[in-house]
Amino acid sequence: MTLVAEQPTISGTEPGGSFEELLDLLEELRVPDGYKAEIVRGSIVVSPWSKGYYNRVMKLVCNQLEPHLPKGHVIDRAPTLFVFPGDECAYGPDIHAVHEQVLETESNHLDGEGLCFVAELTSRSTRKDDLTDKVDVYAKAGIPVYLILDMQEERAVVYGSPSAKGYEDRSIKPFGEKIYIPAPFDCMLDMTGFHRPRNNG
């Protein structure tokens, strides 16, 4: 299989295949090093992992939010797949915060409704999904906070107050400033150091 950097590869799935069949197929899929696989809009999408400096940004987010986690929750940037059967989606968010009990399973398909926070760092290949489909899915799942770090525009978008109709609150700030992360965190995220490296673009 040939994969092109910055271009997601969508598998040719059989029409009418169930979400469970897609999850089974995803389980058997051998994803090349440096790529991750998700289920988006009923298809398996393989896309490249983050650029090097994204790891610095993810670490900064985790370090700042960890002291504000709700009791019994953990925050991580490990590649973990959360499923949303009602929307036939399975996402591996760049950063997630979840109650410890959700992780007490042998399955690698975790309950997306157990999340209290997700963050996505956009790339050219996944930016559209991060800014559209995932906003709807995360809101319907009742995830209290969705943080989008738009790495192309160098700004953050924070969604809060989820409902069946979508998130009711949204705020946008450029990198370098501070942005409010709503309940259950109720804290400011300092985005100093979120910019791309200036020496090599």
# chains A, B, ... in the order shown; residues from 1 in each chain; ligands from 1

call {"tool": "residues_around", "arguments": {"residues": "Leu121 (chain A)", "least_positions_apart": "4", "cutoff": "7 Å", "atoms": "only C-alpha atoms", "output": "list of chain:residue names"}}
result
A:Asp94, A:Ile148, A:Leu149, A:Asp150, A:Met151

call {"tool": "write_last_selection", "arguments": {"atoms": "N, CA and C atoms", "output": "compact mmCIF listing (two decimals), in the first residue's frame"}}
result
# COMPACT_ATOMS: atom_id res chain seq x y z
N ASP A 94 -5.65 13.65 19.63
CA ASP A 94 -4.24 13.91 19.95
C ASP A 94 -4.02 13.97 21.46
N ILE A 148 -9.51 22.76 19.76
CA ILE A 148 -8.87 22.60 18.46
C ILE A 148 -7.68 23.55 18.43
N LEU A 149 -6.50 22.99 18.24
CA LEU A 149 -5.32 23.81 18.01
C LEU A 149 -5.07 23.82 16.51
N ASP A 150 -5.47 24.91 15.88
CA ASP A 150 -5.36 25.04 14.42
C ASP A 150 -3.91 25.42 14.11
N MET A 151 -3.13 24.42 13.77
CA MET A 151 -1.69 24.63 13.59
C MET A 151 -1.38 25.37 12.30

call {"tool": "closest_atom_pairs", "arguments": {"of": "region 91-181 of chain A", "to": "region 185-200 of chain A", "cutoff": "9 Å", "atoms": "only C-alpha atoms", "output": "CSV"}}
result
residue,atom,partner,partner_atom,distance
A:Val145,CA,A:Phe185,CA,8.8
A:Leu149,CA,A:Phe194,CA,8.9
A:Met151,CA,A:Arg196,CA,7.8
A:Glu154,CA,A:His195,CA,6.5
A:Arg155,CA,A:Phe194,CA,9.0
A:Ala156,CA,A:Met191,CA,8.6
A:Pro174,CA,A:Met191,CA,8.2
A:Phe175,CA,A:Met191,CA,5.3
A:Gly176,CA,A:Thr192,CA,4.3
A:Glu177,CA,A:Met191,CA,5.5
A:Lys178,CA,A:Asp190,CA,4.4
A:Ile179,CA,A:Leu189,CA,5.3
A:Tyr180,CA,A:Met188,CA,4.5
A:Ile181,CA,A:Cys187,CA,5.4

call {"tool": "write_last_selection", "arguments": {"atoms": "N, CA and C atoms", "output": "PDB file, in the first residue's frame"}}
result
ATOM      1  N   VAL A 145     -15.473  19.618  26.928  1.00  0.00           N
ATOM      2  CA  VAL A 145     -14.542  20.572  26.309  1.00  0.00           C
ATOM      3  C   VAL A 145     -13.879  19.939  25.092  1.00  0.00           C
ATOM      4  N   LEU A 149      -6.503  22.994  18.237  1.00  0.00           N
ATOM      5  CA  LEU A 149      -5.317  23.815  18.011  1.00  0.00           C
ATOM      6  C   LEU A 149      -5.073  23.816  16.508  1.00  0.00           C
ATOM      7  N   MET A 151      -3.127  24.417  13.773  1.00  0.00           N
ATOM      8  CA  MET A 151      -1.691  24.626  13.587  1.00  0.00           C
ATOM      9  C   MET A 151      -1.377  25.374  12.295  1.00  0.00           C
ATOM     10  N   GLU A 154      -2.506  28.987  13.367  1.00  0.00           N
ATOM     11  CA  GLU A 154      -1.875  29.327  14.640  1.00  0.00           C
ATOM     12  C   GLU A 154      -2.847  30.043  15.588  1.00  0.00           C
ATOM     13  N   ARG A 155      -3.951  29.354  15.845  1.00  0.00           N
ATOM     14  CA  ARG A 155      -4.953  29.858  16.785  1.00  0.00           C
ATOM     15  C   ARG A 155      -5.661  28.667  17.429  1.00  0.00           C
ATOM     16  N   ALA A 156      -6.300  28.926  18.556  1.00  0.00           N
ATOM     17  CA  ALA A 156      -7.052  27.895  19.273  1.00  0.00           C
ATOM     18  C   ALA A 156      -8.534  28.205  19.219  1.00  0.00           C
ATOM     19  N   PRO A 174      -5.535  33.698  19.308  1.00  0.00           N
ATOM     20  CA  PRO A 174      -4.303  33.336  18.587  1.00  0.00           C
ATOM     21  C   PRO A 174      -3.276  32.734  19.533  1.00  0.00           C
ATOM     22  N   PHE A 175      -2.402  31.907  18.991  1.00  0.00           N
ATOM     23  CA  PHE A 175      -1.298  31.371  19.774  1.00  0.00           C
ATOM     24  C   PHE A 175      -0.490  32.526  20.368  1.00  0.00           C
ATOM     25  N   GLY A 176       0.053  32.281  21.536  1.00  0.00           N
ATOM     26  CA  GLY A 176       0.806  33.315  22.238  1.00  0.00           C
ATOM     27  C   GLY A 176      -0.011  33.990  23.320  1.00  0.00           C
ATOM     28  N   GLU A 177      -1.342  33.894  23.235  1.00  0.00           N
ATOM     29  CA  GLU A 177      -2.227  34.466  24.249  1.00  0.00           C
ATOM     30  C   GLU A 177      -2.727  33.363  25.189  1.00  0.00           C
ATOM     31  N   LYS A 178      -3.608  33.723  26.112  1.00  0.00           N
ATOM     32  CA  LYS A 178      -4.236  32.758  27.004  1.00  0.00           C
ATOM     33  C   LYS A 178      -5.690  32.579  26.582  1.00  0.00           C
ATOM     34  N   ILE A 179      -6.190  31.343  26.745  1.00  0.00           N
ATOM     35  CA  ILE A 179      -7.580  31.052  26.401  1.00  0.00           C
ATOM     36  C   ILE A 179      -8.218  30.278  27.552  1.00  0.00           C
ATOM     37  N   TYR A 180      -9.481  30.586  27.822  1.00  0.00           N
ATOM     38  CA  TYR A 180     -10.195  29.956  28.935  1.00  0.00           C
ATOM     39  C   TYR A 180     -10.636  28.554  28.557  1.00  0.00           C
ATOM     40  N   ILE A 181     -10.338  27.594  29.432  1.00  0.00           N
ATOM     41  CA  ILE A 181     -10.812  26.213  29.295  1.00  0.00           C
ATOM     42  C   ILE A 181     -11.940  26.033  30.309  1.00  0.00           C
TER      43      ILE A 181
END

call {"tool": "select_by_dssp", "arguments": {"residues": "region 28-190 of chain A", "states": "strand (DSSP E)", "output": "MDAnalysis selection string"}}
result
chainID A and resid 35:40 43:48 73:76 81:84 89:91 95:99 109:111 115:121 145:150 155:163 166:174 178:181 187:190

call {"tool": "residues_around", "arguments": {"residues": "Ile39 (chain A)", "least_positions_apart": "5", "cutoff": "7 Å", "atoms": "only C-alpha atoms", "output": "ChimeraX atom specification"}}
result
/A:44-45,89-91

call {"tool": "residues_around", "arguments": {"residues": "Asp130 (chain A)", "least_positions_apart": "5", "cutoff": "7 Å", "atoms": "only C-alpha atoms", "output": "PDB file with N, CA and C atoms, in the first residue's frame"}}
result
ATOM      1  N   GLU A 120      -7.521  18.312  19.455  1.00  0.00           N
ATOM      2  CA  GLU A 120      -6.984  17.915  18.155  1.00  0.00           C
ATOM      3  C   GLU A 120      -6.042  19.003  17.668  1.00  0.00           C
ATOM      4  N   THR A 122      -4.489  20.267  14.330  1.00  0.00           N
ATOM      5  CA  THR A 122      -4.819  20.062  12.922  1.00  0.00           C
ATOM      6  C   THR A 122      -3.566  19.841  12.075  1.00  0.00           C
ATOM      7  N   VAL A 135     -16.501  18.228  15.675  1.00  0.00           N
ATOM      8  CA  VAL A 135     -17.232  19.167  16.537  1.00  0.00           C
ATOM      9  C   VAL A 135     -18.617  18.611  16.835  1.00  0.00           C
TER      10      VAL A 135
END

call {"tool": "select_by_dssp", "arguments": {"residues": "region 66-116 of chain A", "states": "helix (DSSP H, G or I)", "output": "PDB file with N, CA and C atoms, in the first residue's frame"}}
result
ATOM      1  N   GLU A  66      -3.337  19.191  33.667  1.00  0.00           N
ATOM      2  CA  GLU A  66      -3.328  18.089  34.639  1.00  0.00           C
ATOM      3  C   GLU A  66      -3.699  18.515  36.059  1.00  0.00           C
ATOM      4  N   PRO A  67      -3.190  19.666  36.572  1.00  0.00           N
ATOM      5  CA  PRO A  67      -3.575  20.053  37.932  1.00  0.00           C
ATOM      6  C   PRO A  67      -5.062  20.390  38.091  1.00  0.00           C
ATOM      7  N   HIS A  68      -5.771  20.584  36.984  1.00  0.00           N
ATOM      8  CA  HIS A  68      -7.181  20.989  37.030  1.00  0.00           C
ATOM      9  C   HIS A  68      -8.133  19.845  36.666  1.00  0.00           C
ATOM     10  N   PRO A  85     -20.493   4.883  18.573  1.00  0.00           N
ATOM     11  CA  PRO A  85     -21.319   4.027  17.708  1.00  0.00           C
ATOM     12  C   PRO A  85     -22.502   4.736  17.075  1.00  0.00           C
ATOM     13  N   GLY A  86     -23.123   5.677  17.806  1.00  0.00           N
ATOM     14  CA  GLY A  86     -24.278   6.380  17.262  1.00  0.00           C
ATOM     15  C   GLY A  86     -23.964   7.153  16.002  1.00  0.00           C
ATOM     16  N   ASP A  87     -22.707   7.604  15.874  1.00  0.00           N
ATOM     17  CA  ASP A  87     -22.276   8.340  14.675  1.00  0.00           C
ATOM     18  C   ASP A  87     -21.393   7.493  13.770  1.00  0.00           C
ATOM     19  N   GLU A 100     -10.509   7.265  34.945  1.00  0.00           N
ATOM     20  CA  GLU A 100      -9.660   6.076  35.003  1.00  0.00           C
ATOM     21  C   GLU A 100     -10.436   4.794  34.739  1.00  0.00           C
ATOM     22  N   GLN A 101     -11.700   4.744  35.149  1.00  0.00           N
ATOM     23  CA  GLN A 101     -12.504   3.519  34.997  1.00  0.00           C
ATOM     24  C   GLN A 101     -12.711   3.152  33.529  1.00  0.00           C
ATOM     25  N   VAL A 102     -12.739   4.153  32.648  1.00  0.00           N
ATOM     26  CA  VAL A 102     -12.916   3.883  31.217  1.00  0.00           C
ATOM     27  C   VAL A 102     -11.748   3.056  30.681  1.00  0.00           C
ATOM     28  N   LEU A 103     -10.580   3.218  31.292  1.00  0.00           N
ATOM     29  CA  LEU A 103      -9.382   2.528  30.829  1.00  0.00           C
ATOM     30  C   LEU A 103      -9.256   1.110  31.374  1.00  0.00           C
ATOM     31  N   GLY A 112     -16.307   6.579  23.995  1.00  0.00           N
ATOM     32  CA  GLY A 112     -16.100   8.006  23.772  1.00  0.00           C
ATOM     33  C   GLY A 112     -16.880   8.896  24.720  1.00  0.00           C
ATOM     34  N   GLU A 113     -18.001   8.391  25.233  1.00  0.00           N
ATOM     35  CA  GLU A 113     -18.812   9.203  26.139  1.00  0.00           C
ATOM     36  C   GLU A 113     -18.177   9.339  27.518  1.00  0.00           C
ATOM     37  N   GLY A 114     -17.102   8.590  27.771  1.00  0.00           N
ATOM     38  CA  GLY A 114     -16.396   8.709  29.038  1.00  0.00           C
ATOM     39  C   GLY A 114     -15.371   9.833  29.061  1.00  0.00           C
TER      40      GLY A 114
END

call {"tool": "closest_residue", "arguments": {"among": "A:Leu147, A:Val137, A:Leu115, A:Leu131", "to": "Lys165 (chain A)", "atoms": "only C-alpha atoms"}}
result
A:Val137

call {"tool": "atom_distance", "arguments": {"atom1": "CA of Asp24 (chain A)", "atom2": "CA of Leu81 (chain A)"}}
result
12.8 Å

call {"tool": "closest_residue", "arguments": {"among": "A:Glu106, A:Glu38, A:Asp169, A:Glu88", "to": "Ala139 (chain A)", "atoms": "only C-alpha atoms"}}
result
A:Asp169

call {"tool": "closest_residue", "arguments": {"among": "A:His99, A:Thr132, A:Thr126, A:Lys36", "to": "Lys71 (chain A)", "atoms": "only C-alpha atoms"}}
result
A:His99

call {"tool": "closest_residue", "arguments": {"among": "A:Ile95, A:Thr80, A:Val40, A:Lys173", "to": "Lys128 (chain A)", "atoms": "only C-alpha atoms"}}
result
A:Val40
